[in-house]
$ cat structure.txt   # compact mmCIF, C-alpha atoms
# COMPACT_ATOMS: atom_id res chain seq x y z
CA MET I 1 79.81 122.77 70.63
CA ILE I 2 79.37 119.03 70.24
CA SER I 3 75.69 118.19 70.52
CA ASN I 4 73.41 115.28 69.80
CA GLY I 5 69.64 115.07 69.94
CA THR I 6 67.41 112.26 71.03
CA SER I 7 67.31 110.53 67.66
CA LYS I 8 70.00 108.20 66.39
CA THR I 9 72.95 110.00 64.81
CA VAL I 10 76.02 108.89 62.91
CA VAL I 11 79.26 109.91 64.60
CA LYS I 12 82.87 108.91 64.06
CA LEU I 13 84.77 107.04 66.73
CA HIS I 14 88.53 106.48 66.59
CA VAL I 15 88.90 102.86 67.61
CA ASN I 16 92.06 100.80 67.43
CA GLY I 17 93.67 103.21 64.99
CA GLU I 18 90.71 103.32 62.62
CA THR I 19 87.95 105.87 62.20
CA ARG I 20 84.62 104.10 62.32
CA ASP I 21 81.09 105.39 61.68
CA VAL I 22 78.60 104.37 64.33
CA MET I 23 74.91 105.20 64.70
CA ILE I 24 74.23 106.07 68.32
CA ARG I 25 71.71 107.45 70.75
CA SER I 26 73.10 109.99 73.19
CA ALA I 27 72.18 107.45 75.86
CA ASP I 28 74.29 104.64 74.39
CA THR I 29 77.26 103.63 76.48
CA LEU I 30 80.62 103.03 74.87
CA LEU I 31 80.29 99.38 75.86
CA GLU I 32 77.05 98.99 73.90
CA THR I 33 78.46 100.72 70.83
CA LEU I 34 81.69 98.75 70.79
CA ARG I 35 79.95 95.41 71.15
CA GLU I 36 76.75 95.89 69.17
CA GLN I 37 77.82 98.25 66.38
CA LEU I 38 81.48 97.44 65.89
CA GLY I 39 81.47 93.78 66.90
CA LEU I 40 84.30 94.41 69.34
CA THR I 41 83.19 91.94 71.97
CA GLY I 42 86.48 91.86 73.87
CA ALA I 43 85.02 94.49 76.22
CA LYS I 44 82.76 92.28 78.33
CA ARG I 45 79.32 93.14 79.63
CA ALA I 46 79.11 92.17 83.29
CA CYS I 47 78.13 94.45 86.19
CA GLN I 48 77.42 97.51 83.99
CA ASN I 49 77.98 99.50 87.14
CA GLY I 50 81.70 100.25 87.10
CA ASP I 51 82.40 97.64 89.73
CA CYS I 52 84.07 94.74 87.93
CA GLY I 53 86.40 96.12 85.23
CA ALA I 54 85.42 93.48 82.66
CA CYS I 55 84.55 96.23 80.14
CA THR I 56 87.81 98.16 80.58
CA VAL I 57 89.08 99.92 77.45
CA LEU I 58 91.70 102.63 77.01
CA VAL I 59 90.54 106.15 76.18
CA ASN I 60 93.45 108.50 75.51
CA GLY I 61 95.65 105.76 76.95
CA GLU I 62 93.80 105.79 80.30
CA PRO I 63 91.82 102.79 81.50
CA MET I 64 88.10 103.50 81.53
CA HIS I 65 85.02 101.45 82.32
CA ALA I 66 83.22 101.38 78.95
CA CYS I 67 79.95 100.91 80.85
CA LEU I 68 80.50 104.25 82.57
CA SER I 69 81.20 106.27 79.42
CA LEU I 70 78.72 107.54 76.89
CA SER I 71 79.77 106.87 73.31
CA ILE I 72 79.17 110.52 72.45
CA GLU I 73 81.69 111.54 75.12
CA THR I 74 84.47 109.68 73.35
CA VAL I 75 84.11 111.36 69.95
CA ASN I 76 87.55 112.72 68.87
CA GLN I 77 89.38 110.58 71.43
CA PRO I 78 91.53 107.53 70.66
CA ILE I 79 89.95 104.33 71.98
CA MET I 80 91.75 101.02 72.30
CA THR I 81 90.01 97.73 72.90
CA ILE I 82 91.67 94.37 73.44
CA GLU I 83 91.27 93.69 69.70
CA GLY I 84 93.66 96.57 69.02
CA LEU I 85 96.39 95.29 71.31
CA ARG I 86 98.63 92.91 69.37
CA ASN I 87 101.70 91.02 70.52
CA SER I 88 102.18 93.08 73.65
CA SER I 89 104.51 91.95 76.41
CA ILE I 90 101.66 91.89 78.93
CA GLN I 91 99.68 89.44 76.79
CA GLN I 92 102.67 87.09 76.61
CA GLU I 93 103.25 87.38 80.37
CA PHE I 94 99.62 86.49 81.08
CA VAL I 95 100.20 83.29 79.12
CA ASP I 96 103.57 82.55 80.64
CA LYS I 97 102.42 83.14 84.22
CA TRP I 98 99.14 81.26 83.82
CA ALA I 99 97.22 84.41 84.72
CA ILE I 100 94.12 83.24 82.86
CA GLN I 101 91.41 80.77 83.65
CA CYS I 102 87.97 81.24 82.10
CA GLY I 103 89.16 84.41 80.36
CA TYR I 104 86.10 86.58 80.85
CA CYS I 105 87.91 89.21 82.92
CA THR I 106 91.18 88.89 80.98
CA PRO I 107 90.72 91.63 78.33
CA GLY I 108 89.96 94.19 81.03
CA PHE I 109 92.88 93.09 83.15
CA ILE I 110 95.28 93.12 80.22
CA LEU I 111 94.31 96.61 79.08
CA ASN I 112 94.56 97.96 82.62
CA CYS I 113 97.97 96.29 83.08
CA HIS I 114 99.11 97.57 79.66
CA ALA I 115 98.20 101.14 80.66
CA LEU I 116 99.96 100.71 84.01
CA ALA I 117 103.15 99.51 82.33
CA ASN I 118 103.06 102.48 79.93
CA LYS I 119 102.15 105.18 82.42
CA ARG I 120 103.85 103.95 85.58
CA PRO I 121 106.84 101.83 84.54
CA ASP I 122 108.31 102.43 87.99
CA ALA I 123 105.17 101.24 89.81
CA ASP I 124 105.72 99.74 93.25
CA ASP I 125 103.62 96.93 94.77
CA GLU I 126 101.17 99.40 96.31
CA THR I 127 100.58 101.10 92.96
CA ILE I 128 100.13 97.79 91.17
CA GLU I 129 97.58 96.72 93.77
CA GLU I 130 95.77 100.06 93.56
CA TRP I 131 95.37 99.76 89.78
CA MET I 132 94.43 96.09 89.88
CA GLN I 133 91.66 96.70 92.42
CA SER I 134 89.61 98.01 89.49
CA ASN I 135 89.24 94.52 88.04
CA LEU I 136 87.60 91.46 89.53
CA CYS I 137 88.37 87.84 88.73
CA ARG I 138 86.18 85.08 90.05
CA CYS I 139 88.09 81.97 89.07
CA THR I 140 91.84 82.38 89.10
CA GLY I 141 93.84 83.97 91.88
CA TYR I 142 95.23 87.46 91.64
CA GLN I 143 98.77 86.38 92.43
CA GLU I 144 99.48 85.16 88.89
CA ILE I 145 98.20 88.44 87.47
CA LYS I 146 100.44 90.46 89.80
CA GLU I 147 103.38 88.30 88.75
CA ALA I 148 102.61 88.96 85.09
CA VAL I 149 102.54 92.73 85.68
CA LYS I 150 105.70 92.67 87.75
CA SER I 151 107.46 90.65 85.10
CA VAL I 152 106.58 93.20 82.41
CA LEU I 153 107.76 96.08 84.58
CA GLN I 154 111.00 94.25 85.40
CA ASN I 155 111.61 93.45 81.73
CA HIS I 156 111.12 97.13 80.88
CA LYS I 157 113.66 98.07 83.56
CA ASN I 158 116.13 95.50 82.28
CA ASP I 159 115.68 96.74 78.70
CA SER I 160 116.19 100.35 79.81
CA ALA I 161 119.34 99.44 81.75
CA SER I 162 120.95 97.50 78.92
CA MET G 1 70.98 100.16 78.69
CA ILE G 2 69.70 103.57 79.72
CA PRO G 3 65.93 103.25 79.25
CA PHE G 4 65.24 106.77 78.01
CA ASP G 5 66.62 109.14 75.41
CA PHE G 6 68.21 112.48 76.17
CA GLU G 7 69.95 115.28 74.34
CA TYR G 8 73.68 115.78 74.83
CA TYR G 9 75.46 119.13 74.74
CA ARG G 10 79.16 119.76 75.22
CA PRO G 11 79.71 123.54 75.40
CA GLU G 12 83.16 125.08 75.11
CA SER G 13 82.62 128.09 77.36
CA LEU G 14 80.87 129.00 80.59
CA THR G 15 78.56 131.38 78.73
CA GLU G 16 77.60 128.71 76.22
CA ALA G 17 76.82 126.27 79.06
CA VAL G 18 74.59 128.73 80.89
CA GLN G 19 72.83 129.79 77.69
CA THR G 20 72.24 126.17 76.73
CA TYR G 21 70.75 125.49 80.16
CA GLU G 22 68.45 128.50 79.94
CA THR G 23 67.28 127.57 76.44
CA LEU G 24 66.50 124.00 77.45
CA ILE G 25 64.73 125.05 80.66
CA SER G 26 62.58 127.48 78.67
CA GLN G 27 61.46 124.42 76.68
CA SER G 28 60.32 122.83 79.97
CA LYS G 29 63.02 120.18 79.81
CA THR G 30 64.68 118.46 82.74
CA VAL G 31 68.34 119.39 82.45
CA LEU G 32 71.36 118.10 84.34
CA TYR G 33 74.93 119.30 84.29
CA TYR G 34 77.27 116.40 83.64
CA SER G 35 80.97 115.98 84.23
CA GLY G 36 82.40 112.55 85.03
CA GLY G 37 78.92 111.13 84.66
CA THR G 38 79.51 107.90 86.56
CA GLU G 39 76.55 108.42 88.88
CA PHE G 40 74.33 109.66 86.08
CA LEU G 41 74.98 106.48 84.12
CA THR G 42 74.57 104.06 87.00
CA PHE G 43 71.42 105.70 88.41
CA SER G 44 69.73 106.36 85.06
CA ARG G 45 70.33 102.75 83.97
CA VAL G 46 68.07 101.63 86.82
CA ASN G 47 65.56 104.46 86.34
CA GLN G 48 66.53 106.35 89.47
CA LEU G 49 67.56 109.45 87.58
CA TYR G 50 66.06 111.10 84.54
CA ALA G 51 66.99 113.97 82.24
CA ASP G 52 65.70 115.27 78.92
CA ALA G 53 69.12 116.80 78.31
CA ILE G 54 72.58 116.78 79.83
CA ILE G 55 75.22 119.48 79.53
CA ASP G 56 78.74 118.05 79.66
CA LEU G 57 81.11 120.52 81.34
CA LYS G 58 84.34 118.73 80.34
CA GLY G 59 84.83 120.92 77.26
CA ILE G 60 85.05 124.15 79.26
CA PRO G 61 88.68 125.21 79.89
CA GLU G 62 87.95 126.86 83.27
CA CYS G 63 86.49 123.59 84.56
CA ASN G 64 89.71 121.74 83.72
CA VAL G 65 92.20 123.97 85.51
CA LEU G 66 94.47 122.34 88.08
CA GLU G 67 97.29 124.64 89.14
CA LEU G 68 98.68 127.03 91.69
CA GLN G 69 97.77 130.61 90.82
CA GLU G 70 99.75 132.94 93.09
CA ASP G 71 98.67 131.99 96.63
CA GLN G 72 95.70 129.86 95.58
CA LEU G 73 95.33 126.29 94.43
CA VAL G 74 92.65 126.30 91.73
CA ILE G 75 90.83 123.06 90.89
CA GLY G 76 88.31 122.96 88.06
CA SER G 77 85.13 121.05 88.76
CA ALA G 78 85.71 118.65 85.84
CA VAL G 79 89.18 117.57 87.01
CA SER G 80 89.32 113.83 87.64
CA LEU G 81 90.10 112.45 91.08
CA ASN G 82 93.20 110.69 89.73
CA ASN G 83 94.57 113.92 88.28
CA ILE G 84 94.18 115.57 91.68
CA THR G 85 96.03 112.73 93.40
CA GLU G 86 98.79 112.57 90.80
CA SER G 87 99.36 116.34 90.90
CA ASN G 88 100.10 116.12 94.65
CA LEU G 89 99.26 119.83 94.88
CA TYR G 90 97.15 119.32 98.02
CA PRO G 91 98.24 115.99 99.46
CA LEU G 92 95.37 115.72 101.96
CA LEU G 93 92.86 116.06 99.14
CA GLY G 94 94.86 113.71 96.92
CA GLN G 95 95.07 111.02 99.60
CA THR G 96 91.38 111.34 100.49
CA VAL G 97 90.01 111.11 96.94
CA LYS G 98 92.40 108.22 96.25
CA LYS G 99 90.18 106.15 98.54
CA ILE G 100 86.98 106.84 96.56
CA ALA G 101 85.82 104.00 94.26
CA ASP G 102 88.53 102.21 92.23
CA HIS G 103 91.46 103.53 90.20
CA THR G 104 89.81 103.14 86.79
CA SER G 105 86.61 104.83 87.99
CA ARG G 106 88.68 107.69 89.36
CA ASN G 107 89.88 108.42 85.84
CA LYS G 108 86.25 109.39 85.15
CA ILE G 109 84.88 110.68 88.46
CA SER G 110 85.32 114.43 88.73
CA ILE G 111 85.65 116.40 91.94
CA GLY G 112 82.58 118.45 91.03
CA GLY G 113 80.62 115.27 90.57
CA ASN G 114 81.71 113.87 93.92
CA LEU G 115 80.65 117.06 95.71
CA HIS G 116 77.23 116.74 94.05
CA SER G 117 76.97 112.99 94.69
CA ARG G 118 73.57 111.48 95.45
CA LEU G 119 75.34 109.05 97.78
CA ILE G 120 75.77 110.18 101.36
CA TYR G 121 79.57 110.02 101.51
CA ARG G 122 80.92 112.82 99.25
CA GLU G 123 84.39 112.32 100.73
CA ALA G 124 86.07 114.91 98.50
CA VAL G 125 84.40 117.61 100.57
CA LEU G 126 86.28 116.66 103.76
CA PRO G 127 89.71 118.15 102.90
CA LEU G 128 87.97 121.18 101.39
CA LEU G 129 85.97 121.91 104.54
CA VAL G 130 89.03 121.77 106.79
CA ALA G 131 90.92 124.09 104.42
CA ASP G 132 88.19 126.76 104.29
CA ALA G 133 87.91 126.31 100.51
CA THR G 134 85.92 128.72 98.41
CA VAL G 135 83.81 127.80 95.41
CA LYS G 136 83.25 129.74 92.21
CA LEU G 137 79.79 129.20 90.79
CA THR G 138 78.27 130.37 87.56
CA GLY G 139 74.69 130.61 86.39
CA ASN G 140 72.34 133.09 84.80
CA ASP G 141 73.24 135.62 87.52
CA GLY G 142 76.91 135.47 86.52
CA GLU G 143 79.89 134.23 88.49
CA THR G 144 79.89 134.31 92.28
CA VAL G 145 82.39 133.11 94.89
CA HIS G 146 81.32 131.61 98.20
CA PRO G 147 82.94 129.91 101.17
CA LEU G 148 82.23 126.23 100.69
CA LYS G 149 80.92 125.96 104.27
CA ASP G 150 78.12 128.38 103.34
CA LEU G 151 76.99 126.13 100.48
CA PHE G 152 77.60 122.73 101.99
CA ASN G 153 75.14 121.84 104.70
CA GLN G 154 74.86 118.05 104.65
CA GLU G 155 74.91 118.35 100.86
CA LEU G 156 75.81 120.98 98.30
CA LYS G 157 73.00 123.50 98.05
CA ILE G 158 73.16 125.75 95.02
CA ASN G 159 70.46 127.29 92.87
CA PRO G 160 69.01 125.48 89.85
CA GLY G 161 71.04 126.39 86.78
CA GLN G 162 74.20 127.07 88.74
CA PHE G 163 77.24 124.83 88.60
CA ILE G 164 80.66 124.75 90.21
CA VAL G 165 83.36 126.19 87.97
CA GLN G 166 86.31 125.98 90.33
CA ILE G 167 87.34 125.31 93.90
CA ASN G 168 89.98 127.55 95.47
CA ILE G 169 92.20 126.64 98.40
CA SER G 170 94.73 128.92 100.04
CA LYS G 171 98.21 127.56 99.33
CA ASP G 172 98.97 127.77 103.08
CA TYR G 173 96.74 124.76 103.72
CA THR G 174 98.43 122.51 101.21
CA THR G 175 101.59 121.99 103.25
CA LEU G 176 100.15 121.52 106.74
CA PRO G 177 100.50 118.24 108.71
CA PHE G 178 97.53 116.03 107.88
CA VAL G 179 95.99 112.61 108.15
CA SER G 180 93.47 110.89 105.88
CA LEU G 181 91.93 107.63 107.07
CA LYS G 182 89.15 105.50 105.67
CA LYS G 183 87.79 102.34 107.27
CA THR G 184 85.65 100.03 105.16
CA LYS G 185 83.71 96.89 105.94
CA ILE G 186 86.09 94.46 104.21
CA SER G 187 87.89 95.47 101.04
CA LYS G 188 89.95 98.54 100.25
CA VAL G 189 87.42 99.57 97.60
CA GLY G 190 84.13 100.32 99.30
CA TYR G 191 81.93 102.82 101.03
CA PRO G 192 83.29 104.11 104.32
CA VAL G 193 82.29 102.90 107.74
CA VAL G 194 84.27 105.92 108.85
CA SER G 195 86.31 108.36 106.78
CA ILE G 196 88.22 111.29 108.26
CA ALA G 197 90.37 114.09 106.89
CA ALA G 198 92.21 116.20 109.43
CA LEU G 199 94.99 118.75 109.50
CA VAL G 200 96.70 120.96 112.04
CA LYS G 201 96.77 124.72 111.53
CA GLU G 202 98.37 126.94 114.13
CA ARG G 203 98.43 124.02 116.57
CA GLN G 204 94.67 123.52 116.20
CA ILE G 205 93.20 120.33 114.79
CA ARG G 206 90.57 120.64 112.08
CA ALA G 207 88.68 117.49 111.21
CA ALA G 208 85.82 116.49 108.91
CA LEU G 209 84.09 113.12 108.83
CA SER G 210 82.05 111.00 106.47
CA GLY G 211 80.32 107.66 106.90
CA VAL G 212 79.47 108.19 110.58
CA CYS G 213 76.32 110.28 110.16
CA PRO G 214 74.01 110.40 107.10
CA TYR G 215 76.13 113.21 105.60
CA PRO G 216 79.70 114.54 105.74
CA PHE G 217 80.37 117.23 108.30
CA ARG G 218 82.93 119.39 110.02
CA SER G 219 81.97 120.18 113.61
CA SER G 220 83.37 123.13 115.57
CA GLU G 221 82.13 121.49 118.78
CA ILE G 222 84.11 118.32 118.11
CA GLU G 223 87.18 120.30 117.08
CA SER G 224 86.93 122.29 120.30
CA VAL G 225 87.07 119.06 122.29
CA LEU G 226 89.94 117.65 120.24
CA ASN G 227 91.90 120.84 120.90
CA ASN G 228 91.17 120.94 124.63
CA SER G 229 94.59 120.31 126.16
CA SER G 230 93.12 119.65 129.61
CA LEU G 231 91.57 116.38 128.37
CA THR G 232 93.29 113.05 127.80
CA LYS G 233 93.00 111.44 124.37
CA GLU G 234 90.49 108.96 125.71
CA GLU G 235 88.40 111.75 127.24
CA LYS G 236 88.46 113.71 123.99
CA ILE G 237 87.24 110.70 122.06
CA GLU G 238 84.45 109.90 124.52
CA LYS G 239 83.30 113.52 124.51
CA ALA G 240 83.52 113.78 120.70
CA GLY G 241 81.21 110.77 120.46
CA THR G 242 78.52 112.72 122.31
CA LEU G 243 78.78 115.72 120.00
CA LEU G 244 77.99 114.12 116.65
CA PRO G 245 75.46 116.22 114.69
CA SER G 246 73.15 113.24 114.04
CA PRO G 247 72.75 109.71 115.36
CA ILE G 248 75.30 107.25 114.00
CA ILE G 249 73.94 105.45 110.96
CA GLU G 250 73.29 101.73 110.80
CA ASP G 251 73.33 99.98 107.43
CA ILE G 252 74.76 97.04 105.54
CA GLN G 253 78.28 98.46 105.96
CA ALA G 254 78.16 98.41 109.76
CA SER G 255 75.85 98.27 112.75
CA ARG G 256 75.51 101.42 114.85
CA ASP G 257 77.55 99.96 117.71
CA TYR G 258 80.33 98.73 115.45
CA ARG G 259 80.43 102.05 113.64
CA GLU G 260 80.78 103.86 116.97
CA PHE G 261 83.63 101.51 117.89
CA VAL G 262 85.38 102.19 114.57
CA PHE G 263 84.73 105.93 114.88
CA LYS G 264 86.44 106.06 118.27
CA ASN G 265 89.38 103.94 117.14
CA THR G 266 89.79 106.07 114.01
CA LEU G 267 89.73 109.23 116.07
CA LEU G 268 92.45 107.82 118.33
CA GLU G 269 94.50 106.85 115.28
CA THR G 270 94.00 110.35 113.90
CA LEU G 271 95.18 112.08 117.09
CA GLU G 272 98.25 109.87 117.27
CA ALA G 273 99.07 110.35 113.58
CA LEU G 274 98.76 114.13 113.87
CA GLU G 275 101.02 114.11 116.93
CA ALA G 276 103.59 112.13 114.96
CA ALA G 277 103.25 114.41 111.94
CA GLN G 278 104.04 117.44 114.09
CA ALA G 279 106.93 115.84 115.93
$ encode --input "structure.txt" --output "structure tokens"
Amino acid sequence: MISNGTSKTVVKLHVNGETRDVMIRSADTLLETLREQLGLTGAKRACQNGDCGACTVLVNGEPMHACLSLSIETVNQPIMTIEGLRNSSIQQEFVDKWAIQCGYCTPGFILNCHALANKRPDADDETIEEWMQSNLCRCTGYQEIKEAVKSVLQNHKNDSAS
Amino acid sequence: MIPFDFEYYRPESLTEAVQTYETLISQSKTVLYYSGGTEFLTFSRVNQLYADAIIDLKGIPECNVLELQEDQLVIGSAVSLNNITESNLYPLLGQTVKKIADHTSRNKISIGGNLHSRLIYREAVLPLLVADATVKLTGNDGETVHPLKDLFNQELKINPGQFIVQINISKDYTTLPFVSLKKTKISKVGYPVVSIAALVKERQIRAALSGVCPYPFRSSEIESVLNNSSLTKEEKIEKAGTLLPSPIIEDIQASRDYREFVFKNTLLETLEALEAAQA
């Protein structure tokens, strides 16, 4: 049985392909641990209530709100933050489609879109919208983001067909 | 930041979970069972929930089952809402839970957690009530199975120390004509002004509602009216509006009058959709 008391304990988290020691309280959220212990500030602190998606990370390849996960829950599970995503097609499409303005929401959007492209390469418009409703942007429009996702999915289809 | 410390336990068996609970209670600790944990985190962050210890049920195999076993659909309490939707094993349940929170949150929210929610909506219960689901509980008295309707009266009422292991639904219910509708104030992600799950079994409509009254409910009186073939649709809807188990709520989502208007329109939409589904 995994257990942790009320005092701070060192546990290992598997983040971005590396095993990292972190000293946590049971009450620490994954967002706090990533930012304050590992310096991975790509996951943004915003609503801390699971409403905005700015803290989205991938746990076992699934998008998760890091503010709604305890760090201790993610022991033994692969975690990916935006710092671990390099040269992905979705990042390039965000640039090409101008799907960025201030950038605060962008890491969360990109990780969610990356997971969508991996898990649902055949996603239709309704599915794309359903996934994207998890993330809020307050300065750019959502249209450019949808275009970036659609472009990645279309490129995957073209690559598969050729 | 959660402003208090607590102990965390992740047992790997039902017995270990119950024993852990009993040990912690004997130490006079406040103990909560934990699964998705989204409400625990959001409420404890603002000091509206407290625990000395939490017992995470996600490591228990029985709580993660999601499969047809002979003539029963078995759903473990720790199964996420997205896994239920993606399995498509009970489409009415899948479509209803798909409207709870947002997609990313539904990777974390478990069905057991939604049934225990401190919020008034608990929409996952609607398709379970209309399907006469049963619930397997465990606790220090061992495992017991109960009709969900016997445990769910406005909210889930089980003894301290007990937790839901699994929910069982007869396979017969999973293929019936159904409709799932949710009306929100503005956006697609939001609390319901009105949410309804309905199906037709043996030509009889069964319907459960959330958002209208301060708790989810299935009403035999309302179903009786909806199935009264001597009434027009409009008469059924007017009569159903007089049979609600509590006054219609009024809050930031909707005024009482507007909610009544949406309730009646949603009921009409439901009747028409069920007619079409049976055609």
$ interface_residues --input "structure.txt" --of "chain I" --to "chain G" --cutoff "7 Å" --atoms "all atoms listed in the file" --output "MDAnalysis selection string"
chainID I and resid 1:6 26:27 49:50 63:65 68 130:131 133:134
$ closest_residue --input "structure.txt" --among "G:Leu267, G:Tyr258, G:Pro216, G:Asn82" --to "G:Ile237" --atoms "all atoms listed in the file"
G:Leu267
$ closest_residue --input "structure.txt" --among "G:Gln69, G:Asn265, G:Ser28, G:Asn47" --to "G:Ile169" --atoms "all atoms listed in the file"
G:Gln69
$ atom_distance --input "structure.txt" --atom1 "atom CA of G:Ser110" --atom2 "atom CA of G:Ala124"
9.8 Å
$ residues_around --input "structure.txt" --residues "G:Gly112" --least-positions-apart "3" --cutoff "9 Å" --atoms "all atoms listed in the file" --output "mmCIF file with C-alpha atoms, keeping the file's coordinate frame"
data_model
loop_
_atom_site.group_PDB
_atom_site.id
_atom_site.type_symbol
_atom_site.label_atom_id
_atom_site.label_comp_id
_atom_site.auth_asym_id
_atom_site.auth_seq_id
_atom_site.Cartn_x
_atom_site.Cartn_y
_atom_site.Cartn_z
ATOM 1 C CA SER G 35 80.970 115.980 84.230
ATOM 2 C CA GLY G 36 82.400 112.550 85.030
ATOM 3 C CA GLY G 76 88.310 122.960 88.060
ATOM 4 C CA SER G 77 85.130 121.050 88.760
ATOM 5 C CA ALA G 78 85.710 118.650 85.840
ATOM 6 C CA VAL G 79 89.180 117.570 87.010
ATOM 7 C CA SER G 80 89.320 113.830 87.640
ATOM 8 C CA ILE G 109 84.880 110.680 88.460
ATOM 9 C CA LEU G 115 80.650 117.060 95.710
ATOM 10 C CA HIS G 116 77.230 116.740 94.050
ATOM 11 C CA SER G 117 76.970 112.990 94.690
ATOM 12 C CA ALA G 124 86.070 114.910 98.500
ATOM 13 C CA PHE G 163 77.240 124.830 88.600
ATOM 14 C CA ILE G 164 80.660 124.750 90.210
ATOM 15 C CA VAL G 165 83.360 126.190 87.970
ATOM 16 C CA GLN G 166 86.310 125.980 90.330
ATOM 17 C CA ILE G 167 87.340 125.310 93.900
#
$ decode --input "structure.txt" --residues "stretch 66-71 of chain G" --atoms "all heavy atoms" --output "PDB file, in the first residue's frame"
ATOM      1  N   LEU G  66     -14.854  -2.293 -15.389  1.00  0.00           N
ATOM      2  CA  LEU G  66     -15.841  -1.703 -16.297  1.00  0.00           C
ATOM      3  C   LEU G  66     -16.066  -2.714 -17.409  1.00  0.00           C
ATOM      4  O   LEU G  66     -15.327  -2.757 -18.393  1.00  0.00           O
ATOM      5  CB  LEU G  66     -15.341  -0.366 -16.877  1.00  0.00           C
ATOM      6  CG  LEU G  66     -16.253   0.302 -17.918  1.00  0.00           C
ATOM      7  CD1 LEU G  66     -17.621   0.633 -17.353  1.00  0.00           C
ATOM      8  CD2 LEU G  66     -15.601   1.554 -18.492  1.00  0.00           C
ATOM      9  N   GLU G  67     -17.073  -3.593 -17.228  1.00  0.00           N
ATOM     10  CA  GLU G  67     -17.271  -4.649 -18.213  1.00  0.00           C
ATOM     11  C   GLU G  67     -18.640  -5.300 -18.045  1.00  0.00           C
ATOM     12  O   GLU G  67     -19.280  -5.172 -16.989  1.00  0.00           O
ATOM     13  CB  GLU G  67     -16.178  -5.720 -18.081  1.00  0.00           C
ATOM     14  CG  GLU G  67     -16.191  -6.417 -16.735  1.00  0.00           C
ATOM     15  CD  GLU G  67     -15.005  -7.350 -16.547  1.00  0.00           C
ATOM     16  OE1 GLU G  67     -14.031  -7.250 -17.314  1.00  0.00           O
ATOM     17  OE2 GLU G  67     -15.069  -8.178 -15.622  1.00  0.00           O
ATOM     18  N   LEU G  68     -19.037  -5.987 -19.102  1.00  0.00           N
ATOM     19  CA  LEU G  68     -20.244  -6.805 -19.012  1.00  0.00           C
ATOM     20  C   LEU G  68     -19.853  -8.138 -18.407  1.00  0.00           C
ATOM     21  O   LEU G  68     -18.894  -8.780 -18.844  1.00  0.00           O
ATOM     22  CB  LEU G  68     -20.828  -7.019 -20.415  1.00  0.00           C
ATOM     23  CG  LEU G  68     -21.591  -5.838 -21.010  1.00  0.00           C
ATOM     24  CD1 LEU G  68     -21.865  -6.074 -22.482  1.00  0.00           C
ATOM     25  CD2 LEU G  68     -22.893  -5.579 -20.253  1.00  0.00           C
ATOM     26  N   GLN G  69     -20.570  -8.529 -17.356  1.00  0.00           N
ATOM     27  CA  GLN G  69     -20.355  -9.835 -16.739  1.00  0.00           C
ATOM     28  C   GLN G  69     -21.688 -10.580 -16.822  1.00  0.00           C
ATOM     29  O   GLN G  69     -22.625 -10.276 -16.091  1.00  0.00           O
ATOM     30  CB  GLN G  69     -19.895  -9.677 -15.286  1.00  0.00           C
ATOM     31  CG  GLN G  69     -18.523  -9.018 -15.151  1.00  0.00           C
ATOM     32  CD  GLN G  69     -18.094  -8.839 -13.703  1.00  0.00           C
ATOM     33  OE1 GLN G  69     -18.813  -9.165 -12.775  1.00  0.00           O
ATOM     34  NE2 GLN G  69     -16.889  -8.313 -13.516  1.00  0.00           N
ATOM     35  N   GLU G  70     -21.765 -11.522 -17.754  1.00  0.00           N
ATOM     36  CA  GLU G  70     -23.017 -12.227 -18.051  1.00  0.00           C
ATOM     37  C   GLU G  70     -24.116 -11.206 -18.381  1.00  0.00           C
ATOM     38  O   GLU G  70     -23.943 -10.444 -19.319  1.00  0.00           O
ATOM     39  CB  GLU G  70     -23.391 -13.156 -16.902  1.00  0.00           C
ATOM     40  CG  GLU G  70     -22.318 -14.214 -16.682  1.00  0.00           C
ATOM     41  CD  GLU G  70     -22.614 -15.143 -15.536  1.00  0.00           C
ATOM     42  OE1 GLU G  70     -23.624 -14.980 -14.844  1.00  0.00           O
ATOM     43  OE2 GLU G  70     -21.795 -16.060 -15.333  1.00  0.00           O
ATOM     44  N   ASP G  71     -25.165 -11.123 -17.591  1.00  0.00           N
ATOM     45  CA  ASP G  71     -26.262 -10.217 -17.952  1.00  0.00           C
ATOM     46  C   ASP G  71     -26.194  -8.893 -17.208  1.00  0.00           C
ATOM     47  O   ASP G  71     -27.171  -8.157 -17.161  1.00  0.00           O
ATOM     48  CB  ASP G  71     -27.615 -10.893 -17.697  1.00  0.00           C
ATOM     49  CG  ASP G  71     -27.809 -11.221 -16.227  1.00  0.00           C
ATOM     50  OD1 ASP G  71     -26.796 -11.222 -15.492  1.00  0.00           O
ATOM     51  OD2 ASP G  71     -28.953 -11.462 -15.814  1.00  0.00           O
TER      52      ASP G  71
END
